[in-house]
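Reading through the structure tokens given below for one structure.
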Amino acid sequence: MPRSRFCFVCALLGAAAAFVLYLAAPPAARAQAPAKPVSFINDVAPLLKEACFGCHGTKNPKGKFSMTTFENLLKGGTKEGPIVAGKPDESYFVDVLKATDKQMMPPKESGGPLKPEKLALIERWIKEGAKLDADVVATADLSRELRKRWVPPTPWAAYPFPVVVNSLAFTPDGKKVVAGGHHELTVWDAATGKLEKRVYVRNRRALAMAFLPDGKLVVAGGRPGEEGDVCVYDLDGGTPKDVDGVKVYDGVKDPKVLVKRLLECDDEVLALAVSADGKKLASAGCDRVVNVWNLADGLDKAKVEQTFENHADWVFGLAFSPDGKFLLTSSRDKTAKVWNLEAKESMLTFPDHQNTVYAVAFKPDGKTAFSVGEDKQVRSWNATGDAVKQIRATGGHGQAVLKLIYHPKQAVLITCGADNSVRTWNADSGAALKTFSGHTDHVFAIAVSPEGDLVASGAWNGEVKIWKLDGTAVQTFNASPGLKK
Ligand code: HEC
């Protein structure tokens, strides 16, 4: 993403400030031990996940020491039995945490020693017998167990600050717009800009959305570095609560609202695509994995048809060919690619962006691909044949181009970008058509109504605008409910 999702310096400053506070605390407060025994899953595992899993995860763990299950943690790596129950002083797990030489864990270059109170917690857990909580099995994946215990916060009644709109979708009747909020989806009347529904969800941000032919909404998202998912919601399901004229739905727990959780993974899901016939769904994201579901027999019988990794970094963009036989993908690895879904193999790689490729689209003839990215260009290229060749590159946004849609009825491309604008282009000639100006911040999301008469755009500052295709703004609202001005 153009704006960093994680501020490393802020994190360091935060850690430093916490340490200063710790030193400033009176010794009595520091020494005071909580009465409850230390829980492995609630107290220790989160520390290990944060400080150790990066190098001691499932894939090629350092020192052959994987900590992702309790069983593996007790087994150890090249040296066996790192934890001696009841005896922190005899546990070399504790030795490396206290080491000041090259044995130091986490190593100096990745943050160095744990904060004293964290180390003390681990030592106390070992002293108390290094027990596993009764409701966790020793072979369970610890990241998954931690996710299961995580409870999403209830969205703010009134947002204290605006939240970026990462994704938008028009409802199938073209009358409402769904926007991704903070742990919720919000549904707005496109004509009046009035908030109608709030659907609380687990995702911190909804990063991609698509309606299925039956009117249910697929949403992808997650929490950075923690989890990702693909869920299907019925925006008319369950019994909503009425709060000041707005219907509030529980999409976290109510199975009539959250009708299906198709995927759960370890990092955010960034992209979704539904095939033109509605029978296939694809998702992809930070773990680089592309999943393709077959929905031909309905959502209940949805099954993953294929899973593949074709990129070396996060996958940002996905689009099915009109016949559903090919899938375009684009990535932070600076390429866009064509995957043959029938042969299950990679067909073409388009390298010309030389920078992150955020979005892709197919021309209705299935022969031409469009892609946009950090290099500020809208590019077209052949999506069939043996060798890839660029057809055209068009600047215009002058800044990173973040999303791309092919108009449902006309040979028109719609793009949005970090220059605060939405633009339309003649998809055949590449000529610039209209510039939709009025946003005052980067435009991260666009959607087009099913009939193609309206475009919705959403910006970093939470502002959503509804436009006619000629670039006239017909509605503006902030998608952060009750925003305090
Ligand atoms: C930046 C990567 C990195 C992080 C983060 C990290 N380790 Fe390590 N760890 C290593 C490497 C590399 C080795 C292997 C060192 C060697 O073989 O000399 C290792 C080895 C170990 C070993 C010895 C394993 C064996 O049997 O040989 C232990 C125990 C260990 N780490 C504990 C931890 C703990 C606990 C944490 C978190 C608090 C942690 N490490 C975080 C990279 C890391």
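For the structure tokens, the naming scheme is as follows: chains receive sequential letters (A, B, ...) according to their order of presentation, residues are indexed from 1 within each chain, and ligands are indexed from 1 in presentation order.
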Around ligand 1, at most 8 Å away and counting only C-alpha atoms and all ligand atoms, which residues are there? Put them as a ChimeraX atom specification, please.
-> /A:47-56,61-65,76-80,82,92-94,96-97,103-107,109-111,113-114
Show me a table, sorted first by chain and then by increasing residue number, of the residues of range 61-164 of chain A having an atom at most 9 Å from range 218-232 of chain A, each with its shortest atom pair and the distance in Å to one decimal, counting only C-alpha atoms and written as a tab-separated table.
```
residue	atom	partner	partner_atom	distance
A:Ser143	CA	A:Glu226	CA	8.2
A:Arg144	CA	A:Glu227	CA	8.9
A:Arg147	CA	A:Glu227	CA	7.4
```
Contacts between range 438-447 of chain A and range 192-274 of chain A, please, where a residue of range 192-274 of chain A counts if it comes within 10 Å (with only C-alpha atoms); show its shortest atom pair and distance in Å to one decimal, rows by chain and ascending number, as a Markdown table.
```
| residue | atom | partner | partner_atom | distance |
| --- | --- | --- | --- | --- |
| A:Leu207 | CA | A:Ala445 | CA | 9.1 |
| A:Ala208 | CA | A:Ala445 | CA | 9.0 |
| A:Met209 | CA | A:Ala447 | CA | 9.7 |
| A:Ala210 | CA | A:Ala447 | CA | 9.8 |
```
Write out as a ChimeraX atom specification each polymer residue whose atoms come within 10 Å of range 169-172 of chain A, counting only C-alpha atoms; drop sequence neighbours fewer than 3 positions from it.
-> /A:175-180,187-190,208-217,235,445-451,454-457
Please identify every residue of range 73-188 of chain A that has at least one atom no farther than 12 Å from an atom of range 386-410 of chain A, counting only C-alpha atoms, and for each give the shortest atom pair and the distance in Å to one decimal, arranged by chain then increasing number, as a Markdown table.
```
| residue | atom | partner | partner_atom | distance |
| --- | --- | --- | --- | --- |
| A:Asn166 | CA | A:Lys403 | CA | 10.2 |
| A:Ser167 | CA | A:Lys403 | CA | 9.9 |
| A:Leu168 | CA | A:Lys403 | CA | 11.3 |
| A:Ala169 | CA | A:Ile405 | CA | 11.9 |
```
Would you export the selected residues with C-alpha atoms as a compact mmCIF listing (two decimals), in the first residue's frame, please?
```txt
# COMPACT_ATOMS: atom_id res chain seq x y z
CA ASN A 166 -10.61 0.33 1.15
CA SER A 167 -13.50 -1.26 -0.70
CA LEU A 168 -16.98 -0.44 -2.02
CA ALA A 169 -19.75 -2.32 -3.81
```
Using only C-alpha atoms, which protein or nucleic acid residues come within 7 Å of range 317-333 of chain A? Drop anything in the same chain fewer than 3 positions from it, and give the result as an mmCIF file with N, CA and C atoms, in the first residue's frame.
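Wrote out.cif, looks like this:
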```cif
data_model
loop_
_atom_site.group_PDB
_atom_site.id
_atom_site.type_symbol
_atom_site.label_atom_id
_atom_site.label_comp_id
_atom_site.auth_asym_id
_atom_site.auth_seq_id
_atom_site.Cartn_x
_atom_site.Cartn_y
_atom_site.Cartn_z
ATOM 1 N N ALA A 271 -7.678 -9.424 -2.221
ATOM 2 C CA ALA A 271 -8.386 -9.347 -3.503
ATOM 3 C C ALA A 271 -9.412 -10.464 -3.644
ATOM 4 N N LEU A 272 -10.469 -10.158 -4.398
ATOM 5 C CA LEU A 272 -11.536 -11.115 -4.709
ATOM 6 C C LEU A 272 -11.928 -10.947 -6.167
ATOM 7 N N ALA A 273 -12.391 -12.037 -6.773
ATOM 8 C CA ALA A 273 -13.004 -11.913 -8.098
ATOM 9 C C ALA A 273 -14.082 -12.977 -8.212
ATOM 10 N N SER A 275 -16.456 -14.916 -11.203
ATOM 11 C CA SER A 275 -16.525 -15.087 -12.656
ATOM 12 C C SER A 275 -17.845 -14.548 -13.181
ATOM 13 N N ALA A 276 -17.903 -14.257 -14.479
ATOM 14 C CA ALA A 276 -19.092 -13.635 -15.071
ATOM 15 C C ALA A 276 -20.345 -14.481 -14.862
ATOM 16 N N HIS A 311 3.072 -16.024 -7.359
ATOM 17 C CA HIS A 311 3.756 -14.752 -7.160
ATOM 18 C C HIS A 311 4.708 -14.844 -5.975
ATOM 19 N N ALA A 312 5.723 -13.975 -5.993
ATOM 20 C CA ALA A 312 6.737 -13.992 -4.938
ATOM 21 C C ALA A 312 6.404 -13.036 -3.804
ATOM 22 N N ASP A 313 5.269 -12.325 -3.903
ATOM 23 C CA ASP A 313 4.916 -11.360 -2.857
ATOM 24 C C ASP A 313 3.393 -11.217 -2.832
ATOM 25 N N TRP A 314 2.900 -10.307 -1.974
ATOM 26 C CA TRP A 314 1.459 -10.124 -1.813
ATOM 27 C C TRP A 314 0.739 -10.028 -3.163
ATOM 28 N N ALA A 336 2.312 -8.791 -13.324
ATOM 29 C CA ALA A 336 0.947 -9.298 -13.473
ATOM 30 C C ALA A 336 1.086 -10.597 -14.257
ATOM 31 N N LYS A 337 0.168 -11.539 -14.002
ATOM 32 C CA LYS A 337 0.313 -12.839 -14.648
ATOM 33 C C LYS A 337 -1.034 -13.366 -15.117
ATOM 34 N N VAL A 338 -0.977 -14.285 -16.068
ATOM 35 C CA VAL A 338 -2.183 -14.994 -16.499
ATOM 36 C C VAL A 338 -2.037 -16.451 -16.092
ATOM 37 N N TRP A 339 -3.059 -16.962 -15.386
ATOM 38 C CA TRP A 339 -3.064 -18.363 -14.948
ATOM 39 C C TRP A 339 -4.131 -19.096 -15.749
ATOM 40 N N ASN A 340 -3.779 -20.240 -16.295
ATOM 41 C CA ASN A 340 -4.732 -21.066 -17.025
ATOM 42 C C ASN A 340 -5.425 -21.995 -16.018
ATOM 43 N N LEU A 341 -6.725 -21.771 -15.789
ATOM 44 C CA LEU A 341 -7.436 -22.519 -14.747
ATOM 45 C C LEU A 341 -7.714 -23.960 -15.161
ATOM 46 N N GLU A 342 -7.780 -24.218 -16.470
ATOM 47 C CA GLU A 342 -8.039 -25.589 -16.912
ATOM 48 C C GLU A 342 -6.770 -26.424 -16.888
ATOM 49 N N THR A 356 4.968 -2.291 -7.879
ATOM 50 C CA THR A 356 3.755 -2.990 -7.445
ATOM 51 C C THR A 356 2.611 -2.816 -8.441
ATOM 52 N N VAL A 357 1.956 -3.923 -8.768
ATOM 53 C CA VAL A 357 0.792 -3.867 -9.657
ATOM 54 C C VAL A 357 -0.452 -4.071 -8.790
ATOM 55 N N TYR A 358 -1.282 -3.018 -8.689
ATOM 56 C CA TYR A 358 -2.391 -3.053 -7.731
ATOM 57 C C TYR A 358 -3.659 -3.726 -8.259
ATOM 58 N N ALA A 359 -3.925 -3.603 -9.557
ATOM 59 C CA ALA A 359 -5.217 -4.118 -10.030
ATOM 60 C C ALA A 359 -5.127 -4.541 -11.492
ATOM 61 N N VAL A 360 -6.019 -5.454 -11.856
ATOM 62 C CA VAL A 360 -6.052 -5.994 -13.220
ATOM 63 C C VAL A 360 -7.494 -6.117 -13.696
ATOM 64 N N ALA A 361 -7.681 -6.117 -15.016
ATOM 65 C CA ALA A 361 -9.012 -6.344 -15.594
ATOM 66 C C ALA A 361 -8.845 -6.947 -16.974
ATOM 67 N N PHE A 362 -9.861 -7.714 -17.384
ATOM 68 C CA PHE A 362 -9.890 -8.301 -18.722
ATOM 69 C C PHE A 362 -10.785 -7.465 -19.621
ATOM 70 N N PRO A 364 -13.647 -7.539 -22.496
ATOM 71 C CA PRO A 364 -14.685 -8.562 -22.705
ATOM 72 C C PRO A 364 -14.337 -9.594 -23.796
ATOM 73 N N GLY A 366 -11.644 -11.120 -23.922
ATOM 74 C CA GLY A 366 -10.791 -12.117 -23.276
ATOM 75 C C GLY A 366 -9.371 -12.157 -23.802
#
```
Nearest residue to Asn203 in chain A from the set A:Ile83, A:Ala134, A:Ala296, A:Leu185 (distances using only C-alpha atoms) =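 Ranking A:Ile83, A:Ala134, A:Ala296, A:Leu185 by distance to Asn203 in chain A, first place goes to A:Leu185.
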Give the strand (DSSP E or B) residues of range 135-242 of chain A, as assigned by DSSP on the backbone, as JSON, numbers by chain.
-> {"A": [168, 169, 170, 176, 177, 178, 179, 180, 184, 185, 186, 187, 188, 189, 195, 196, 197, 198, 199, 200, 205, 206, 207, 208, 209, 210, 211, 217, 218, 219, 220, 221, 222, 223, 227, 228, 229, 230, 231, 232, 233, 241, 242]}
Keeping only C-alpha atoms, write the selected residues to a file as a short mmCIF file (atom, residue, chain, number, x, y, z; two decimals), in the first residue's frame.
```cif
data_model
loop_
_atom_site.label_atom_id
_atom_site.label_comp_id
_atom_site.auth_asym_id
_atom_site.auth_seq_id
_atom_site.Cartn_x
_atom_site.Cartn_y
_atom_site.Cartn_z
CA LEU A 168 -16.98 -0.44 -2.02
CA ALA A 169 -19.75 -2.32 -3.81
CA PHE A 170 -23.11 -1.38 -5.30
CA LYS A 176 -27.23 1.18 -2.23
CA VAL A 177 -23.52 1.31 -1.67
CA VAL A 178 -21.70 -0.94 0.80
CA ALA A 179 -18.49 0.47 2.29
CA GLY A 180 -15.87 -1.19 4.48
CA GLU A 184 -18.06 -3.32 10.12
CA LEU A 185 -19.70 -2.90 6.74
CA THR A 186 -21.91 0.15 6.27
CA VAL A 187 -24.79 0.35 3.77
CA TRP A 188 -25.73 3.75 2.34
CA ASP A 189 -28.54 4.96 0.09
CA LEU A 195 -26.78 5.46 6.42
CA GLU A 196 -29.22 2.54 6.44
CA LYS A 197 -27.38 -0.44 7.89
CA ARG A 198 -24.34 -1.30 9.92
CA VAL A 199 -23.15 -4.91 9.77
CA TYR A 200 -20.59 -5.69 12.48
CA ARG A 205 -10.91 -3.65 7.34
CA ALA A 206 -12.90 -5.00 4.42
CA LEU A 207 -10.29 -4.93 1.66
CA ALA A 208 -12.32 -6.39 -1.21
CA MET A 209 -16.03 -7.05 -1.85
CA ALA A 210 -18.11 -8.74 -4.52
CA PHE A 211 -21.80 -9.65 -4.78
CA LEU A 217 -21.93 -10.32 -0.40
CA VAL A 218 -18.45 -11.85 -0.29
CA VAL A 219 -15.95 -9.83 1.73
CA ALA A 220 -12.19 -10.31 2.10
CA GLY A 221 -9.97 -8.70 4.71
CA GLY A 222 -8.40 -9.39 8.07
CA ARG A 223 -5.94 -7.92 10.54
CA GLU A 227 -5.30 -13.19 10.22
CA GLY A 228 -7.27 -13.03 7.02
CA ASP A 229 -10.60 -14.37 5.88
CA VAL A 230 -13.17 -14.59 3.13
CA CYS A 231 -16.74 -14.43 4.45
CA VAL A 232 -20.18 -14.37 2.87
CA TYR A 233 -22.87 -12.09 4.35
CA LYS A 241 -31.47 -3.91 16.13
CA ASP A 242 -32.77 -0.44 15.40
#
```
Would you mind writing down, as a ChimeraX atom specification, each residue of range 7-159 of chain A that DSSP on the backbone assigns to helix (DSSP H, G or I)?
-> /A:8-24,27-31,40-51,53-56,62-64,70-75,88-90,92-98,108-110,116-127,142-149
